[in-house]
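Visitor: I'd like to ask you about the structure that follows.
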Amino acid sequence: MNLPLITRALEHADRIAIVATEGVFTYRDLLHTSSQIATHLLNNSGNNSDNNSGDLQESRVAFLVPPGFEYVATQWGVWRAGGIAVPLCTSHPRPELEYVITQSGASIIVAHPHFEP
């Protein structure tokens with residue numbers, strides 16, 4: 001999927017993109033990790049064989065990831081895979097998360113290992 005955001009990030013690959021508690025990350029880091037996430041989403045979506053365009057066709061992807069590099073990489077990964085990102089708040093109780101997932105029509109859920117249960 002050709003996104004202006006990705007094209008711009010490629011132009012500035014060696015510049016700092018994110019400074020977070022877990023470290024300093026360049027756009028190259030962000031592009032690499034988001035590409036891996038997009039590939040994983042596409043390989044596990046179940047839509048690949050039926051999908052000529054090779055993307056998620058705007059399927060909603062809910063994700064529960066703490067703020068920082070992984071959050072941004074996950075969001076970019078969803079976009080790169082052709083999905084619509086539905087961020088979930090890590091501080092919300094389970095019933096509220098379930099409500100957002102249901103009401104958004106999310107067909108895929110991505111959770112950081114800390115939040116899997």
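Ordering of the structure tokens sets the chain letters (A, B, ...), residue numbers begin anew at 1 in every chain, and ligands are numbered from 1 in the order given.
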As JSON, numbers by chain, please: every residue in chain A that DSSP puts in alpha helix (DSSP H).
Guide: {"A": [4, 5, 6, 7, 8, 9, 10, 11, 27, 28, 29, 30, 31, 32, 33, 34, 35, 36, 37, 38, 39, 40, 41, 42, 43, 44, 69, 70, 71, 72, 73, 74, 75, 76, 77, 78, 79, 80, 94, 95, 96, 97, 98, 99, 100, 101, 102, 103, 104]}
Visitor: Determine, counting only C-alpha atoms, which protein, DNA and RNA residues have an atom within 9 Å of an atom of A:Leu88; residues of the same chain fewer than 4 positions away are not included. Present the result as a list in words.
Guide: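 The neighbour list is Ala62, Phe63, Leu64, Val65, His92, Leu97, Val100 and Ile101 of chain A.
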Visitor: Hey, which of A:Gln57, A:Thr39, A:Gln103, A:Thr21 ends up closest to A:Trp76? Count only C-alpha atoms.
Guide: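 Answer, going by the shortest atom-to-atom distance: A:Thr39.
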Visitor: For A:Leu31, which residue out of A:Thr7, A:Asn43, A:Ser104, A:Ser91 is the nearest one, using only C-alpha atoms?
Guide: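 Of the candidates, the smallest distance to A:Leu31 is held by A:Thr7.
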Visitor: Mind pulling up the distance from atom CA of A:Ala85 to atom CA of A:Gly105?
Guide: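 These two atoms are separated by 11.3 Å.
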Visitor: Using only C-alpha atoms for the distances, tell me which of A:Ala106, A:Leu5, A:Ile37, A:Leu30 is nearest to A:Val61.
Guide: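 Ranking A:Ala106, A:Leu5, A:Ile37, A:Leu30 by distance to A:Val61, first place goes to A:Ala106.
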Visitor: Write out as a CSV table (one decimal) with N, CA and C atoms, in the first residue's frame which residues come within 9 Å of A:Ala73 when counting only C-alpha atoms, dropping same-chain ones fewer than 3 positions away.
Guide:
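Saved as around-v1.csv:
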chain,number,residue,atom,x,y,z
A,29,ASP,N,13.9,2.4,11.8
A,29,ASP,CA,13.4,1.5,12.8
A,29,ASP,C,11.9,1.3,12.7
A,30,LEU,N,11.2,2.4,12.6
A,30,LEU,CA,9.8,2.4,12.5
A,30,LEU,C,9.3,1.8,11.3
A,31,LEU,N,9.9,2.0,10.2
A,31,LEU,CA,9.6,1.4,8.9
A,31,LEU,C,9.8,-0.1,8.9
A,32,HIS,N,10.9,-0.5,9.5
A,32,HIS,CA,11.2,-1.9,9.6
A,32,HIS,C,10.2,-2.7,10.5
A,33,THR,N,9.9,-2.2,11.7
A,33,THR,CA,9.0,-2.9,12.6
A,33,THR,C,7.6,-2.8,12.1
A,34,SER,N,7.2,-1.7,11.5
A,34,SER,CA,5.8,-1.6,11.0
A,34,SER,C,5.6,-2.5,9.8
A,35,SER,N,6.7,-2.7,9.0
A,35,SER,CA,6.6,-3.7,7.9
A,35,SER,C,6.4,-5.1,8.4
A,37,ILE,N,5.0,-6.0,11.2
A,37,ILE,CA,3.7,-6.1,11.8
A,37,ILE,C,2.7,-6.2,10.6
A,68,GLY,N,4.3,4.5,23.2
A,68,GLY,CA,5.7,4.4,22.9
A,68,GLY,C,6.0,3.9,21.5
A,69,PHE,N,7.2,3.4,21.2
A,69,PHE,CA,7.6,3.0,19.9
A,69,PHE,C,6.6,1.9,19.4
A,70,GLU,N,6.4,0.9,20.2
A,70,GLU,CA,5.5,-0.3,19.7
A,70,GLU,C,4.1,0.2,19.3
A,76,TRP,N,1.2,2.1,12.5
A,76,TRP,CA,1.7,2.2,11.1
A,76,TRP,C,1.5,0.8,10.4
A,77,GLY,N,1.8,-0.3,11.1
A,77,GLY,CA,1.7,-1.6,10.5
A,77,GLY,C,0.2,-1.9,10.1
A,78,VAL,N,-0.7,-1.5,10.9
A,78,VAL,CA,-2.1,-1.6,10.5
A,78,VAL,C,-2.4,-0.9,9.2
Visitor: Hey, which of A:Gly82, A:Pro87, A:Gly23, A:Pro4 ends up closest to A:Val110? Count only C-alpha atoms.
Guide: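 With only C-alpha atoms as the atom set, the closest residue is A:Pro87.
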Visitor: Choose the residue, out of A:Thr102, A:Ala111, A:Pro95, A:Gly54, that has the smallest atom-to-atom separation from A:Gly83; count only C-alpha atoms.
Guide: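 Result for the nearest residue to A:Gly83: A:Gly54.
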Visitor: If DSSP is run on the backbone, what residues of stretch 40-103 of chain A are strand (DSSP E)? A reply as a list in words would be ideal.
Guide: Arg60, Val61, Ala62, Phe63, Leu64, Ile84, Ala85, Val86 and Pro87 of chain A
Visitor: Taking N, CA, C and O atoms for each residue, export the selection above as a compact mmCIF listing (two decimals), in the first residue's frame.
Guide:
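Result went into again.txt, see below:
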# COMPACT_ATOMS: atom_id res chain seq x y z
N ARG A 60 -11.21 -3.43 10.26
CA ARG A 60 -10.84 -2.77 11.51
C ARG A 60 -9.92 -3.68 12.32
O ARG A 60 -10.21 -4.86 12.49
N VAL A 61 -8.82 -3.09 12.81
CA VAL A 61 -7.85 -3.82 13.61
C VAL A 61 -7.72 -3.08 14.95
O VAL A 61 -7.16 -1.98 15.01
N ALA A 62 -8.27 -3.68 16.00
CA ALA A 62 -8.14 -3.09 17.33
C ALA A 62 -6.79 -3.49 17.90
O ALA A 62 -6.34 -4.62 17.72
N PHE A 63 -6.13 -2.54 18.57
CA PHE A 63 -4.84 -2.87 19.17
C PHE A 63 -4.72 -2.28 20.56
O PHE A 63 -5.13 -1.16 20.81
N LEU A 64 -4.17 -3.10 21.45
CA LEU A 64 -3.96 -2.73 22.84
C LEU A 64 -2.46 -2.82 23.12
O LEU A 64 -1.92 -3.90 23.37
N ILE A 84 -7.86 -0.40 9.10
CA ILE A 84 -8.23 0.80 9.85
C ILE A 84 -7.87 0.54 11.30
O ILE A 84 -8.37 -0.42 11.91
N ALA A 85 -7.01 1.38 11.85
CA ALA A 85 -6.52 1.20 13.22
C ALA A 85 -7.58 1.65 14.22
O ALA A 85 -8.13 2.74 14.11
N VAL A 86 -7.83 0.79 15.20
CA VAL A 86 -8.76 1.10 16.30
C VAL A 86 -7.95 0.99 17.59
O VAL A 86 -7.83 -0.10 18.16
N PRO A 87 -7.37 2.10 18.06
CA PRO A 87 -6.58 2.03 19.28
C PRO A 87 -7.45 1.82 20.50
O PRO A 87 -8.55 2.39 20.61
Visitor: Taking into account only C-alpha atoms, which residue in the set A:Pro67, A:Glu96, A:Leu41, A:Ala13 is nearest to A:Trp79?
Guide: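 With only C-alpha atoms as the atom set, the closest residue is A:Leu41.
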Visitor: One decimal, in Å: what's the spacing between atom CA of A:His112 and atom CA of A:Arg15?
Guide: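 Distance reported for this atom pair: 26.3 Å.
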